[in-house]
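Chemist: What follows is model.cif, mmCIF, C-alpha atoms and all ligand atoms.
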```
data_my_file
loop_
_atom_site.label_atom_id
_atom_site.label_comp_id
_atom_site.auth_asym_id
_atom_site.auth_seq_id
_atom_site.Cartn_x
_atom_site.Cartn_y
_atom_site.Cartn_z
CA MET A 1 32.74 -4.77 -14.60
CA LYS A 2 30.96 -6.97 -17.08
CA ASN A 3 30.13 -6.35 -20.72
CA VAL A 4 29.68 -9.51 -22.77
CA VAL A 5 27.95 -10.92 -25.83
CA VAL A 6 26.37 -14.31 -25.17
CA CYS A 7 26.75 -16.83 -27.99
CA GLU A 8 23.36 -18.03 -29.27
CA LYS A 9 24.78 -21.45 -30.17
CA CYS A 10 26.67 -22.50 -27.07
CA GLY A 11 25.89 -19.83 -24.46
CA ALA A 12 29.52 -18.80 -23.95
CA GLU A 13 30.23 -15.21 -22.87
CA ASN A 14 32.38 -13.24 -25.31
CA PRO A 15 34.01 -9.79 -25.26
CA VAL A 16 31.99 -7.17 -27.19
CA TYR A 17 34.54 -6.80 -30.01
CA ARG A 18 34.54 -10.52 -30.95
CA LEU A 19 33.38 -11.51 -34.44
CA THR A 20 33.22 -15.23 -33.66
CA CYS A 21 32.57 -17.14 -30.45
CA LYS A 22 35.78 -18.09 -28.64
CA GLU A 23 34.27 -21.48 -27.70
CA CYS A 24 32.38 -22.74 -30.76
CA ASN A 25 33.61 -20.32 -33.46
CA SER A 26 30.11 -19.44 -34.68
CA PHE A 27 29.51 -15.84 -35.83
CA LEU A 28 28.31 -13.40 -33.18
CA ARG A 29 27.65 -10.44 -35.54
CA ASP A 30 28.12 -9.26 -39.10
CA ARG A 31 31.66 -8.72 -40.34
CA VAL A 32 32.73 -5.04 -40.61
CA ASN A 33 35.91 -4.45 -42.58
CA ASN A 34 36.19 -0.66 -42.69
CA ILE A 35 34.78 2.38 -40.92
CA ASP A 36 32.66 4.21 -43.51
CA PHE A 37 33.82 7.70 -42.50
CA TRP A 38 30.83 9.84 -43.54
CA LYS A 39 28.26 7.29 -42.40
CA THR A 40 30.00 7.07 -39.01
CA PHE A 41 30.38 10.87 -38.91
CA TRP A 42 26.59 11.35 -39.10
CA LYS A 43 25.90 8.41 -36.80
CA ILE A 44 28.03 10.07 -34.11
CA PHE A 45 25.37 12.80 -33.95
CA GLU A 46 22.31 10.58 -34.46
CA SER A 47 23.14 7.62 -32.21
CA PRO A 48 26.68 7.79 -30.84
CA ASP A 49 26.54 4.38 -29.15
CA LYS A 50 25.82 2.70 -32.50
CA ALA A 51 28.64 4.67 -34.11
CA PHE A 52 31.07 3.51 -31.43
CA PHE A 53 29.99 -0.13 -31.85
CA THR A 54 30.66 0.14 -35.61
CA ILE A 55 34.12 1.58 -34.87
CA ILE A 56 34.87 -1.26 -32.41
CA TYR A 57 33.62 -3.90 -34.87
CA ALA A 58 35.62 -2.54 -37.83
CA LYS A 59 38.72 -4.51 -38.70
CA ASN A 60 40.49 -1.47 -40.17
CA LYS A 61 40.31 1.75 -38.21
CA ASN A 62 40.04 4.17 -41.13
CA MET A 63 40.80 7.86 -40.67
CA VAL A 64 42.08 7.46 -37.11
CA VAL A 65 45.54 8.84 -38.00
CA PRO A 66 44.39 12.09 -39.70
CA LEU A 67 41.63 12.56 -37.11
CA ILE A 68 43.98 12.14 -34.15
CA ILE A 69 46.36 14.73 -35.63
CA LEU A 70 43.48 17.21 -36.14
CA ALA A 71 42.23 16.48 -32.62
CA GLY A 72 45.75 17.17 -31.33
CA ILE A 73 45.93 20.54 -33.12
CA LYS A 74 42.52 21.53 -31.76
CA THR A 75 43.48 20.40 -28.26
CA ALA A 76 46.57 22.64 -28.37
CA LEU A 77 44.39 25.60 -29.40
CA VAL A 78 41.77 24.92 -26.71
CA SER A 79 44.41 24.68 -23.97
CA LEU A 80 45.91 27.95 -25.22
CA GLN A 81 42.47 29.58 -25.03
CA ILE A 82 41.86 28.25 -21.52
CA LYS A 83 45.26 29.51 -20.40
CA THR A 84 44.63 32.96 -21.92
CA MET A 85 41.22 33.23 -20.23
CA ILE A 86 42.52 32.15 -16.82
CA THR A 87 45.78 34.07 -16.67
CA SER A 88 45.01 36.98 -19.09
CA ALA A 89 48.67 36.85 -20.06
CA ASN A 90 50.15 36.69 -23.54
CA PHE A 91 52.18 33.61 -24.13
CA GLY A 92 55.83 33.88 -24.93
CA ILE A 93 56.62 31.22 -27.54
CA ASP A 94 55.83 31.27 -31.24
CA TRP A 95 52.65 29.80 -32.73
CA LEU A 96 54.10 26.99 -34.78
CA THR A 97 56.15 25.64 -31.86
CA PHE A 98 53.13 25.76 -29.56
CA ILE A 99 50.70 24.07 -31.96
CA LEU A 100 53.20 21.41 -33.07
CA SER A 101 54.36 20.53 -29.57
CA GLY A 102 50.78 20.68 -28.26
CA MET A 103 49.66 18.37 -31.06
CA VAL A 104 52.44 15.85 -30.40
CA PHE A 105 51.65 15.98 -26.67
CA ALA A 106 47.92 15.34 -27.29
CA VAL A 107 48.53 12.46 -29.72
CA LEU A 108 51.01 10.77 -27.35
CA LEU A 109 48.64 11.28 -24.45
CA LEU A 110 45.66 9.81 -26.33
CA VAL A 111 47.70 6.77 -27.42
CA GLY A 112 49.13 6.30 -23.92
CA TYR A 113 45.75 6.75 -22.27
CA ALA A 114 44.02 4.29 -24.62
CA TYR A 115 46.75 1.77 -23.71
CA LEU A 116 46.38 2.49 -19.98
CA ILE A 117 42.58 2.14 -20.08
CA THR A 118 42.90 -1.16 -21.97
CA ARG A 119 45.10 -2.45 -19.13
CA LEU A 120 42.82 -0.97 -16.46
CA ASN A 121 39.74 -2.56 -18.06
CA LYS A 122 41.54 -5.88 -17.92
CA ILE A 123 42.31 -5.43 -14.23
CA PHE A 124 38.55 -4.91 -13.74
CA GLY A 125 37.90 -8.16 -15.63
CA LEU A 126 36.96 -6.63 -18.96
CA GLU A 127 38.61 -7.61 -22.21
CA THR A 128 38.89 -4.64 -24.60
CA ARG A 129 41.38 -3.94 -27.38
CA PHE A 130 43.84 -1.04 -27.45
CA LYS A 131 43.11 -0.21 -31.11
CA ASP A 132 39.36 -0.07 -30.38
CA ASN A 133 39.83 2.24 -27.42
CA LEU A 134 42.16 4.52 -29.38
CA ALA A 135 39.74 4.64 -32.34
CA ILE A 136 36.64 5.46 -30.25
CA TYR A 137 38.53 8.13 -28.28
CA THR A 138 39.69 9.70 -31.53
CA TYR A 139 36.20 9.70 -33.07
CA ALA A 140 34.82 11.27 -29.86
CA PHE A 141 36.75 14.40 -30.85
CA VAL A 142 34.77 14.87 -34.09
CA PRO A 143 32.74 17.85 -32.71
CA LEU A 144 35.98 19.64 -31.79
CA ILE A 145 37.56 18.78 -35.15
CA ILE A 146 34.53 20.33 -36.88
CA THR A 147 35.28 23.65 -35.17
CA LEU A 148 38.72 23.65 -36.84
CA PHE A 149 37.00 23.81 -40.24
CA LEU A 150 33.89 25.85 -39.41
CA LEU A 151 34.81 28.19 -36.55
CA LEU A 152 38.55 28.79 -36.83
CA PRO A 153 38.27 30.62 -40.21
CA VAL A 154 35.53 32.87 -38.74
CA GLU A 155 37.55 33.52 -35.60
CA PHE A 156 40.62 34.51 -37.58
CA ALA A 157 38.60 36.62 -40.04
CA LEU A 158 37.08 38.59 -37.14
CA PHE A 159 39.91 38.73 -34.61
CA GLY A 160 43.10 37.50 -36.26
CA GLU A 161 45.60 36.17 -33.75
CA TYR A 162 43.93 38.28 -31.02
CA TRP A 163 41.42 35.45 -30.73
CA TYR A 164 44.15 33.63 -28.82
CA LEU A 165 45.89 36.58 -27.25
CA ALA A 166 44.92 38.23 -23.99
CA ASN A 167 45.89 41.75 -25.01
CA PRO A 168 43.68 43.14 -26.44
CA LEU A 169 41.01 40.62 -25.43
CA SER A 170 38.84 39.58 -28.36
CA ALA A 171 35.82 40.29 -26.15
CA GLU A 172 36.81 43.96 -26.24
CA ILE A 173 37.16 44.06 -30.05
CA ASN A 174 33.72 42.65 -30.83
CA PRO A 175 31.91 41.46 -27.67
CA ALA A 176 28.82 39.94 -29.36
CA ALA A 177 30.79 37.90 -31.90
CA ALA A 178 33.35 36.82 -29.29
CA HIS A 179 30.65 35.58 -26.93
CA ILE A 180 28.76 33.68 -29.64
CA LEU A 181 31.96 32.00 -30.85
CA LEU A 182 33.04 31.12 -27.32
CA PHE A 183 29.58 29.71 -26.63
CA ILE A 184 29.73 27.43 -29.69
CA GLU A 185 33.29 26.40 -28.78
CA THR A 186 32.13 25.47 -25.26
CA VAL A 187 29.15 23.48 -26.57
CA MET A 188 31.41 21.51 -28.95
CA LEU A 189 33.91 20.87 -26.15
CA LEU A 190 31.16 19.56 -23.85
CA TRP A 191 29.78 17.51 -26.73
CA SER A 192 33.14 15.80 -27.23
CA PHE A 193 33.31 15.18 -23.47
CA VAL A 194 29.87 13.49 -23.51
CA LEU A 195 30.96 11.42 -26.54
CA LEU A 196 34.09 10.36 -24.67
CA ILE A 197 31.92 9.16 -21.76
CA THR A 198 29.64 7.35 -24.25
CA ALA A 199 32.68 5.71 -25.87
CA ASN A 200 33.89 4.42 -22.51
CA TYR A 201 30.37 3.36 -21.55
CA VAL A 202 29.96 1.29 -24.74
CA GLN A 203 33.12 -0.61 -23.70
CA THR A 204 32.40 -0.96 -19.98
CA LYS A 205 28.63 -0.49 -19.29
CA ASN A 206 29.71 1.36 -16.14
CA THR A 207 28.60 5.01 -15.95
CA PHE A 208 30.71 6.05 -12.94
CA TYR A 209 33.91 4.54 -14.34
CA SER A 210 33.23 6.07 -17.78
CA VAL A 211 32.72 9.57 -16.35
CA ILE A 212 35.84 9.37 -14.17
CA VAL A 213 38.25 8.10 -16.86
CA SER A 214 36.85 10.63 -19.40
CA LEU A 215 37.16 13.49 -16.93
CA ILE A 216 40.78 12.61 -16.07
CA LEU A 217 41.69 12.43 -19.78
CA CYS A 218 40.16 15.86 -20.49
CA LEU A 219 41.80 17.47 -17.45
CA ILE A 220 45.27 16.26 -18.53
CA LEU A 221 44.62 16.95 -22.22
CA PHE A 222 43.46 20.56 -21.84
CA GLY A 223 45.12 21.45 -18.56
CA ALA A 224 48.68 20.15 -18.89
CA PRO A 225 49.84 22.33 -21.85
CA ALA A 226 48.51 25.42 -20.09
CA ILE A 227 50.56 24.53 -17.00
CA ILE A 228 53.68 23.54 -18.98
CA TYR A 229 53.68 26.74 -21.06
CA GLY A 230 52.21 28.90 -18.30
ZN ZN A 301 29.61 -20.25 -29.01
#
```
Would you mind giving the structure from this file in structure tokens?

Modeler:
Amino acid sequence: MKNVVVCEKCGAENPVYRLTCKECNSFLRDRVNNIDFWKTFWKIFESPDKAFFTIIYAKNKNMVVPLIILAGIKTALVSLQIKTMITSANFGIDWLTFILSGMVFAVLLLVGYAYLITRLNKIFGLETRFKDNLAIYTYAFVPLIITLFLLLPVEFALFGEYWYLANPLSAEINPAAAHILLFIETVMLLWSFVLLITANYVQTKNTFYSVIVSLILCLILFGAPAIIYG
């Protein structure tokens, strides 16, 4: 795999994240100190590739810690939903334990996976940084994080905890509302998946590789808790 920035002064090939040329030290791009959260937030919807470049360029990865925790909470809820829909069985442990352990699992997995992909990229001849990979993965979950603030209150107002319980199914309480909410949830989930692929593509310029590593991450992220607590 190859993804380089060619220095205009000396022609040397540099990794995408570099601020200055490794050969002649001349500047390759403008300096970015911080991620402007709201600007990046909107850019993720307008032109995700540009948003991911800004995140990679930024010296400080603002908001990654709160965002990764929110992404972890949402991941736990999504895996619970998937498990409920597949098995139609109520789960046996209490809410707080499930969400907390699911969140910790998701955060550890994201950190571990970002590290693994950094190593894997290197094996394929591509120099990327762990903190960049972790930051772009985390920001890829913005659509799912939005559902925590916009959809979750509606879901709980309409269905209470039955939204996540198989018996009675929320589709039987209010079919129209349940289907609309599930549809939006699915769209946001797919959106995050596409963003994850985009994030990997920005780093690697390899579509096949980006799809595969994103797919594996999502399968473990949303599938594993369902299996562990199933
Ligand atoms: Zn140079």

Chemist: Neighbouring residues of Trp191 (chain A) were defined as those with any atom within 10 Å, considering all atoms listed in the file; residues of the same chain fewer than 6 positions away were excluded. Please report them as a list in words.

Modeler: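 Those residues are Phe45, Ala140, Phe141, Val142, Pro143, Leu144, Glu185 and Ile197 of chain A.
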
Chemist: Counting only C-alpha atoms and all ligand atoms, which protein, DNA or RNA residues come within 7 Å of ligand ZN 301 (chain A), given as an MDAnalysis selection string?

Modeler: chainID A and resid 7:12 21:26

Chemist: One decimal, Å: what's the distance from CA of Ile123 (chain A) over to CA of Asn3 (chain A), could you say?

Modeler: 13.8 Å

Chemist: List the spatial neighbours of region 47-58 of chain A as a ChimeraX atom specification - criterion: any atom at most 9 Å away, all atoms listed in the file, same-chain residues fewer than 2 positions off excluded.

Modeler: /A:16-19,29-35,39-45,60-62,129,131-133,135-136,139-140,195,198-199,201-203

Chemist: So what do you get for CA of Met103 (chain A) versus CA of Val78 (chain A), distance-wise?

Modeler: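 Computing the Euclidean distance for CA of Met103 (chain A) and CA of Val78 (chain A) yields 11.1 Å.
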
Chemist: Give me, please, the distance in Å between CA of Phe124 (chain A) and CA of Ile220 (chain A), quoted to one decimal.

Modeler: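 It comes out at 22.7 Å.
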
Chemist: Which one is closest to Ala224 (chain A): A:Met85, A:Val6, A:Ala106, A:Leu96? Count only C-alpha atoms.

Modeler: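 That would be A:Ala106, the residue with the smallest distance to Ala224 (chain A).
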
Chemist: Here is a test: counting only C-alpha atoms, which residue of A:Phe98, A:Phe183, A:Phe149, A:Phe193 is nearest to Tyr137 (chain A)?

Modeler: A:Phe193

Chemist: So which one's closest to Leu181 (chain A), A:Leu150, A:Val194, A:Gly112, A:Thr20? Using all atoms listed in the file, please.

Modeler: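 The shortest atom-to-atom distance to Leu181 (chain A) comes from A:Leu150.
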
Chemist: Find the residues with any atom within 10 Å of (44.9, 9.9, -16.0); use all atoms listed in the file and the coordinates as given in the file, and write the answer as a list in words.

Modeler: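 Looking at atoms near the point gives Leu109, Gly112, Tyr113, Leu116, Ile117, Ile212, Val213, Ser214, Leu215, Ile216, Leu217, Cys218, Leu219, Ile220 and Leu221 of chain A.
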
Chemist: How would the residues just picked look written out with C-alpha atoms as a PDB file, keeping the file's coordinate frame?

Modeler:
```pdb
ATOM      1  CA  LEU A 109      48.640  11.280 -24.450  1.00  0.00           C
ATOM      2  CA  GLY A 112      49.130   6.300 -23.920  1.00  0.00           C
ATOM      3  CA  TYR A 113      45.750   6.750 -22.270  1.00  0.00           C
ATOM      4  CA  LEU A 116      46.380   2.490 -19.980  1.00  0.00           C
ATOM      5  CA  ILE A 117      42.580   2.140 -20.080  1.00  0.00           C
ATOM      6  CA  ILE A 212      35.840   9.370 -14.170  1.00  0.00           C
ATOM      7  CA  VAL A 213      38.250   8.100 -16.860  1.00  0.00           C
ATOM      8  CA  SER A 214      36.850  10.630 -19.400  1.00  0.00           C
ATOM      9  CA  LEU A 215      37.160  13.490 -16.930  1.00  0.00           C
ATOM     10  CA  ILE A 216      40.780  12.610 -16.070  1.00  0.00           C
ATOM     11  CA  LEU A 217      41.690  12.430 -19.780  1.00  0.00           C
ATOM     12  CA  CYS A 218      40.160  15.860 -20.490  1.00  0.00           C
ATOM     13  CA  LEU A 219      41.800  17.470 -17.450  1.00  0.00           C
ATOM     14  CA  ILE A 220      45.270  16.260 -18.530  1.00  0.00           C
ATOM     15  CA  LEU A 221      44.620  16.950 -22.220  1.00  0.00           C
TER      16      LEU A 221
END
```

Chemist: Measuring between all atoms listed in the file, which one of A:Leu196, A:Ile82, A:Ile145, A:Val104 shows the shortest distance to Leu182 (chain A)?

Modeler: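 Result for the nearest residue to Leu182 (chain A): A:Ile82.
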
Chemist: Leaving out Ile69 (chain A) and any residue of its chain fewer than 4 positions from it, which residues lie within 8 Å of it when counting only C-alpha atoms, given as a PyMOL selection string?

Modeler: chain A and resi 65+73+103+107

Chemist: Out of A:Lys74, A:Lys83, A:Arg119, A:Lys2, which residue has the shortest atom-to-atom distance to Gly223 (chain A) when counting all atoms listed in the file?

Modeler: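 Checking each of A:Lys74, A:Lys83, A:Arg119, A:Lys2 against Gly223 (chain A), counting all atoms listed in the file, the winner is A:Lys83.
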
Chemist: Go ahead and find all residues with at least one atom no further than 12 Å from (40.2, 34.8, -29.4) in the file's coordinates, using all atoms listed in the file; report them as an MDAnalysis selection string.

Modeler: chainID A and resid 77:78 80:85 88 90 151:175 177:182 185

Chemist: Can you list, as a PyMOL selection string, every protein, DNA or RNA residue that comes within 8 Å of Pro225 (chain A) when you count all atoms listed in the file, leaving out same-chain residues fewer than 6 positions away?

Modeler: chain A and resi 76+79-80+102

Chemist: Nearest to Met63 (chain A) among A:Asn14, A:Ser192, A:Thr128, A:Thr138, with distances taken over all atoms listed in the file: which residue is it?

Modeler: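 Closest candidate: A:Thr138.
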